Amino acid sequence: MRIRSLTFGRSARTPSLRGLGIAITVTKEPQQDPGLVVYGTCRIAKADLPAGRQELPRGIVLVAINPVTQGSYVVNLVGERLVFEDDAEEAGSECTVAFRCALEPGFTGNLPTLFHASCRQYVSDVLWVVP
């Protein structure tokens, strides 16, 4: 699994969070991207980010598991990309980052895939995605 493109900021498909944690949604957008697109939100206390809010997106990891073959794919959301101060929002004692990433097309083939994301002690719900 490789990330083809990554953007930060809220959009219509960005999941919302009421408290601390991480949430993702996975969609297929053939008119824009031929692969799967992951939208996510991660919200963490500023006290857990001693190096500043730029650290927040760097801690997000996406995991995809093929339940048939038991193969797994793990990728750091940001990798070698630059993270800017305004990529994460700050409100009170919390920091939030919203993202959209397009995955390389074809890595799941025609098989269902389980997706989840994690950031520090937070783990999203597991999503069952059927192509």
# chains A, B, ... in the order shown; residues from 1 in each chain; ligands from 1
call {"tool": "closest_atom_pairs", "arguments": {"of": "region 16-85 of chain A", "to": "region 104-126 of chain A", "cutoff": "6 Å", "atoms": "only C-alpha atoms", "output": "CSV"}}
result
residue,atom,partner,partner_atom,distance
A:Gly21,CA,A:Tyr122,CA,5.3
A:Ile22,CA,A:Ser124,CA,5.2
A:Ala23,CA,A:Ser124,CA,5.0
A:Pro34,CA,A:Pro105,CA,5.8
A:Gly35,CA,A:Pro105,CA,3.8
A:Gly59,CA,A:Cys119,CA,5.3
A:Ile60,CA,A:Cys119,CA,4.6
A:Val61,CA,A:Ser118,CA,5.3
A:Leu62,CA,A:Ala117,CA,4.5
A:Val63,CA,A:His116,CA,5.4
A:Ala64,CA,A:Phe115,CA,4.6
A:Ile65,CA,A:Leu114,CA,5.0
A:Asn66,CA,A:Thr113,CA,4.8
call {"tool": "select_by_dssp", "arguments": {"residues": "chain A", "states": "strand (DSSP E)", "output": "ChimeraX atom specification"}}
result
/A:3-8,21-28,36-45,60-65,72-76,89-91,94-103,113-119,122-123,127-129
call {"tool": "residues_around", "arguments": {"residues": "Val78 (chain A)", "least_positions_apart": "6", "cutoff": "8 Å", "atoms": "only C-alpha atoms", "output": "list in words"}}
result
Leu6, Pro57, Arg58 and Ile60 of chain A
call {"tool": "write_last_selection", "arguments": {"atoms": "C-alpha atoms", "output": "compact mmCIF listing (two decimals), in the first residue's frame"}}
result
# COMPACT_ATOMS: atom_id res chain seq x y z
CA LEU A 6 -2.02 13.56 0.68
CA PRO A 57 0.25 14.10 11.45
CA ARG A 58 3.63 12.33 11.63
CA ILE A 60 -0.65 8.63 12.16
call {"tool": "residues_around", "arguments": {"residues": "Ser5 (chain A)", "least_positions_apart": "4", "cutoff": "9 Å", "atoms": "only C-alpha atoms", "output": "PDB file with C-alpha atoms, in the first residue's frame"}}
result
ATOM      1  CA  ARG A 100      -7.444  13.068   2.684  1.00  0.00           C
ATOM      2  CA  CYS A 101      -5.101  10.530   1.116  1.00  0.00           C
ATOM      3  CA  ALA A 102      -5.464   8.675  -2.144  1.00  0.00           C
ATOM      4  CA  LEU A 103      -4.005   5.176  -2.161  1.00  0.00           C
ATOM      5  CA  GLU A 104      -2.240   3.626  -5.125  1.00  0.00           C
TER       6      GLU A 104
END
call {"tool": "closest_residue", "arguments": {"among": "A:Leu20, A:Ala91, A:Val74, A:Arg13", "to": "Arg43 (chain A)", "atoms": "only C-alpha atoms"}}
result
A:Leu20
call {"tool": "select_by_dssp", "arguments": {"residues": "chain A", "states": "alpha helix (DSSP H)", "output": "list in words"}}
result
Glu55, Leu56, Pro57 and Arg58 of chain A
call {"tool": "atom_distance", "arguments": {"atom1": "CA of Cys42 (chain A)", "atom2": "CA of Glu80 (chain A)"}}
result
19.3 Å
call {"tool": "atom_distance", "arguments": {"atom1": "CA of Glu94 (chain A)", "atom2": "CA of Leu36 (chain A)"}}
result
29.4 Å
call {"tool": "closest_residue", "arguments": {"among": "A:Gln54, A:Ser16, A:Thr96, A:Gln70", "to": "Leu82 (chain A)", "atoms": "only C-alpha atoms"}}
result
A:Gln54
call {"tool": "residues_around", "arguments": {"residues": "Ala98 (chain A)", "least_positions_apart": "4", "cutoff": "9 Å", "atoms": "only C-alpha atoms", "output": "list of chain:residue names"}}
result
A:Thr7, A:Phe8, A:Gly9, A:Arg10, A:Ser11, A:Thr14, A:Pro15, A:Tyr39, A:Gly40, A:Thr41, A:Cys42, A:Arg43, A:Pro57, A:Asp87, A:Ala88, A:Glu89
